[in-house]
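Engineer: Structure file start.pdb, PDB, C-alpha atoms, pLDDT in the B column, is pasted below:
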ATOM      1  CA  MET I   1     127.650  82.736 119.753  1.00 55.00           C
ATOM      2  CA  PHE I   2     127.086  79.501 117.814  1.00 53.00           C
ATOM      3  CA  GLY I   3     123.784  78.934 119.641  1.00 54.00           C
ATOM      4  CA  LYS I   4     122.498  82.399 118.703  1.00 57.00           C
ATOM      5  CA  LYS I   5     123.270  81.751 115.022  1.00 54.00           C
ATOM      6  CA  ILE I   6     121.343  78.469 115.072  1.00 49.00           C
ATOM      7  CA  VAL I   7     118.325  80.111 116.730  1.00 43.00           C
ATOM      8  CA  THR I   8     118.429  82.983 114.213  1.00 49.00           C
ATOM      9  CA  ILE I   9     118.606  80.589 111.261  1.00 46.00           C
ATOM     10  CA  ILE I  10     115.719  78.458 112.531  1.00 46.00           C
ATOM     11  CA  LEU I  11     113.584  81.515 113.282  1.00 50.00           C
ATOM     12  CA  SER I  12     114.326  83.025 109.855  1.00 50.00           C
ATOM     13  CA  MET I  13     113.402  79.799 108.082  1.00 48.00           C
ATOM     14  CA  THR I  14     110.137  79.634 110.002  1.00 46.00           C
ATOM     15  CA  LEU I  15     109.163  83.232 109.253  1.00 47.00           C
ATOM     16  CA  PHE I  16     110.225  83.232 105.601  1.00 49.00           C
ATOM     17  CA  GLY I  17     108.264  80.075 104.812  1.00 50.00           C
ATOM     18  CA  CYS I  18     104.807  81.036 105.973  1.00 66.00           C
ATOM     19  CA  ALA I  19     102.609  83.537 104.136  1.00 70.00           C
ATOM     20  CA  SER I  20      99.816  82.998 106.653  1.00 69.00           C
ATOM     21  CA  MET I  21     101.923  84.732 109.311  1.00 78.00           C
ATOM     22  CA  VAL I  22     102.665  87.777 107.140  1.00 82.00           C
ATOM     23  CA  VAL I  23      99.705  88.217 104.756  1.00 89.00           C
ATOM     24  CA  LYS I  24      96.693  89.548 106.634  1.00 89.00           C
ATOM     25  CA  GLN I  25      93.140  89.923 105.313  1.00 93.00           C
ATOM     26  CA  LYS I  26      93.449  93.733 105.267  1.00 95.00           C
ATOM     27  CA  ASP I  27      96.596  93.431 103.109  1.00 93.00           C
ATOM     28  CA  ILE I  28      94.762  91.225 100.615  1.00 95.00           C
ATOM     29  CA  GLU I  29      91.811  93.612 100.464  1.00 96.00           C
ATOM     30  CA  LYS I  30      94.001  96.690  99.978  1.00 96.00           C
ATOM     31  CA  LYS I  31      96.248  95.129  97.320  1.00 95.00           C
ATOM     32  CA  THR I  32      93.268  93.631  95.461  1.00 96.00           C
ATOM     33  CA  ALA I  33      91.358  96.925  95.423  1.00 96.00           C
ATOM     34  CA  LEU I  34      94.391  98.627  93.876  1.00 95.00           C
ATOM     35  CA  ALA I  35      94.966  95.844  91.327  1.00 93.00           C
ATOM     36  CA  LEU I  36      91.351  95.763  90.120  1.00 94.00           C
ATOM     37  CA  GLY I  37      90.542  99.453  90.512  1.00 94.00           C
ATOM     38  CA  LEU I  38      87.634  98.731  92.855  1.00 96.00           C
ATOM     39  CA  GLN I  39      86.558  99.859  96.291  1.00 97.00           C
ATOM     40  CA  LYS I  40      87.012  97.297  99.079  1.00 96.00           C
ATOM     41  CA  SER I  41      83.238  97.163  99.490  1.00 96.00           C
ATOM     42  CA  ASP I  42      82.785  96.122  95.827  1.00 97.00           C
ATOM     43  CA  PHE I  43      84.169  92.579  96.162  1.00 97.00           C
ATOM     44  CA  THR I  44      84.503  89.583  98.452  1.00 97.00           C
ATOM     45  CA  ILE I  45      87.473  87.279  98.959  1.00 97.00           C
ATOM     46  CA  SER I  46      87.103  83.508  99.296  1.00 97.00           C
ATOM     47  CA  ASP I  47      89.034  80.249  98.980  1.00 97.00           C
ATOM     48  CA  ARG I  48      92.243  81.606 100.529  1.00 96.00           C
ATOM     49  CA  ALA I  49      95.095  79.110 100.362  1.00 95.00           C
ATOM     50  CA  ASP I  50      98.541  79.848 101.793  1.00 92.00           C
ATOM     51  CA  ASP I  51     101.285  77.972  99.953  1.00 89.00           C
ATOM     52  CA  GLY I  52     104.769  78.817 101.175  1.00 86.00           C
ATOM     53  CA  LEU I  53     105.325  82.503 100.451  1.00 88.00           C
ATOM     54  CA  GLN I  54     102.289  82.774  98.156  1.00 93.00           C
ATOM     55  CA  THR I  55      98.646  83.327  99.115  1.00 95.00           C
ATOM     56  CA  ASN I  56      96.094  82.377  96.440  1.00 96.00           C
ATOM     57  CA  TYR I  57      92.453  83.459  96.623  1.00 97.00           C
ATOM     58  CA  VAL I  58      89.305  84.085  94.576  1.00 97.00           C
ATOM     59  CA  VAL I  59      87.693  87.505  94.216  1.00 98.00           C
ATOM     60  CA  THR I  60      84.019  87.897  93.359  1.00 98.00           C
ATOM     61  CA  THR I  61      82.763  91.379  92.524  1.00 97.00           C
ATOM     62  CA  LYS I  62      79.272  92.653  93.321  1.00 97.00           C
ATOM     63  CA  THR I  63      78.493  92.281  89.598  1.00 96.00           C
ATOM     64  CA  GLY I  64      79.417  88.580  89.744  1.00 96.00           C
ATOM     65  CA  LYS I  65      82.749  88.769  87.933  1.00 96.00           C
ATOM     66  CA  LYS I  66      85.393  86.371  89.284  1.00 97.00           C
ATOM     67  CA  TYR I  67      89.169  86.677  89.447  1.00 96.00           C
ATOM     68  CA  ASN I  68      91.914  84.324  90.557  1.00 96.00           C
ATOM     69  CA  CYS I  69      94.476  86.350  92.499  1.00 96.00           C
ATOM     70  CA  TYR I  70      97.630  85.953  94.515  1.00 95.00           C
ATOM     71  CA  VAL I  71     100.014  87.959  96.647  1.00 94.00           C
ATOM     72  CA  GLU I  72     103.330  86.969  98.161  1.00 92.00           C
ATOM     73  CA  GLY I  73     104.476  87.781 101.659  1.00 89.00           C
ATOM     74  CA  SER I  74     107.829  87.688 103.393  1.00 82.00           C
ATOM     75  CA  PHE I  75     109.340  88.864 106.639  1.00 77.00           C
ATOM     76  CA  SER I  76     112.727  90.288 107.498  1.00 73.00           C
ATOM     77  CA  PHE I  77     113.978  91.803 110.692  1.00 74.00           C
ATOM     78  CA  GLY I  78     114.918  95.007 108.864  1.00 75.00           C
ATOM     79  CA  THR I  79     111.575  95.748 107.196  1.00 72.00           C
ATOM     80  CA  GLY I  80     109.061  93.550 108.999  1.00 74.00           C
ATOM     81  CA  GLY I  81     106.267  91.985 106.955  1.00 79.00           C
ATOM     82  CA  VAL I  82     106.130  92.830 103.250  1.00 86.00           C
ATOM     83  CA  VAL I  83     103.267  91.921 100.903  1.00 88.00           C
ATOM     84  CA  THR I  84     103.566  92.234  97.122  1.00 90.00           C
ATOM     85  CA  ASP I  85     100.982  93.822  94.848  1.00 93.00           C
ATOM     86  CA  ALA I  86      98.103  91.516  93.922  1.00 94.00           C
ATOM     87  CA  ILE I  87      98.208  89.757  90.568  1.00 93.00           C
ATOM     88  CA  CYS I  88      94.732  88.886  89.313  1.00 94.00           C
ATOM     89  CA  SER I  89      93.344  87.219  86.218  1.00 94.00           C
ATOM     90  CA  GLU I  90      89.961  86.113  85.005  1.00 93.00           C
ATOM     91  CA  PRO I  91      89.549  82.316  85.045  1.00 91.00           C
ATOM     92  CA  GLY I  92      90.875  80.873  81.793  1.00 89.00           C
ATOM     93  CA  LYS I  93      92.832  84.007  80.882  1.00 86.00           C
ATOM     94  CA  PRO I  94      96.517  84.730  81.531  1.00 82.00           C
ATOM     95  CA  ALA I  95      97.485  87.209  84.235  1.00 75.00           C
ATOM     96  CA  LYS I  96      98.264  90.676  82.946  1.00 68.00           C
ATOM     97  CA  ASN I  97     101.307  92.666  83.938  1.00 65.00           C
ATOM     98  CA  PRO I  98      99.902  95.615  85.948  1.00 62.00           C
ATOM     99  CA  LEU I  99     102.702  97.832  84.627  1.00 63.00           C
ATOM    100  CA  GLN I 100     101.627  97.380  81.010  1.00 62.00           C
ATOM    101  CA  LYS I 101      98.374  98.812  79.674  1.00 55.00           C
TER
END
In structure tokens, what does this structure look like?

Structural biologist:
Amino acid sequence: MFGKKIVTIILSMTLFGCASMVVKQKDIEKKTALALGLQKSDFTISDRADDGLQTNYVVTTKTGKKYNCYVEGSFSFGTGGVVTDAICSEPGKPAKNPLQK
């Protein structure tokens, strides 16, 4: 019993601490399209950097506009992988709350 708890704790710590295992490219594209109100074909994603639970990346639209964005990912045995909505801001401007217009 004690051994199973140790294995569960170690596995949980490994899965919770790594966005690269949970956040997939398709998740980033979907969440970014929703956040910016664009079609997936209207932008490209570059400079992805996974940092703990957070994935940071740069979005460049077909018109040349750039955004700094991030999503967060986590994993639990009950729900599987979960990725938050994308938060994006133009360089030099604060991020806007997507719930406020």

Engineer: Any chance you could resolve the PyMOL selection byres ((chain I and resi 27-34) around 8) against this file and give the residues as a short mmCIF file (atom, residue, chain, number, x, y, z; two decimals) with C-alpha atoms, keeping the file's coordinate frame?

Structural biologist:
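The file below, part-v8.cif, is the result:
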data_model
loop_
_atom_site.label_atom_id
_atom_site.label_comp_id
_atom_site.auth_asym_id
_atom_site.auth_seq_id
_atom_site.Cartn_x
_atom_site.Cartn_y
_atom_site.Cartn_z
CA VAL I 23 99.70 88.22 104.76
CA LYS I 24 96.69 89.55 106.63
CA GLN I 25 93.14 89.92 105.31
CA LYS I 26 93.45 93.73 105.27
CA ALA I 35 94.97 95.84 91.33
CA LEU I 36 91.35 95.76 90.12
CA GLY I 37 90.54 99.45 90.51
CA LEU I 38 87.63 98.73 92.86
CA GLN I 39 86.56 99.86 96.29
CA LYS I 40 87.01 97.30 99.08
CA ILE I 45 87.47 87.28 98.96
CA CYS I 69 94.48 86.35 92.50
CA VAL I 71 100.01 87.96 96.65
CA VAL I 83 103.27 91.92 100.90
CA THR I 84 103.57 92.23 97.12
CA ASP I 85 100.98 93.82 94.85
CA ALA I 86 98.10 91.52 93.92
CA ILE I 87 98.21 89.76 90.57
CA CYS I 88 94.73 88.89 89.31
#

Engineer: Applied to this file, what does the PyMOL selection byres ((chain I and resi 55-62) around 7) return in terms of residues, put as JSON, numbers by chain?

Structural biologist: {"I": [19, 42, 43, 44, 45, 46, 47, 48, 49, 50, 51, 53, 54, 63, 64, 65, 66, 67, 68, 69, 70, 71, 72]}

Engineer: Between CA of Ala95 in chain I and CA of Ser74 in chain I, measure the distance and give it in Å to one decimal.

Structural biologist: 21.8 Å

Engineer: Name the residues in contact with Gly81 in chain I at a cut-off of 9 Å, using only C-alpha atoms, excluding same-chain residues fewer than 4 positions from it; report them as a short mmCIF file (atom, residue, chain, number, x, y, z; two decimals) with C-alpha atoms, in the frame of the given file.

Structural biologist:
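Dumped to selection.cif:
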data_model
loop_
_atom_site.label_atom_id
_atom_site.label_comp_id
_atom_site.auth_asym_id
_atom_site.auth_seq_id
_atom_site.Cartn_x
_atom_site.Cartn_y
_atom_site.Cartn_z
CA MET I 21 101.92 84.73 109.31
CA VAL I 22 102.66 87.78 107.14
CA VAL I 23 99.70 88.22 104.76
CA GLY I 73 104.48 87.78 101.66
CA SER I 74 107.83 87.69 103.39
CA PHE I 75 109.34 88.86 106.64
CA SER I 76 112.73 90.29 107.50
CA PHE I 77 113.98 91.80 110.69
#
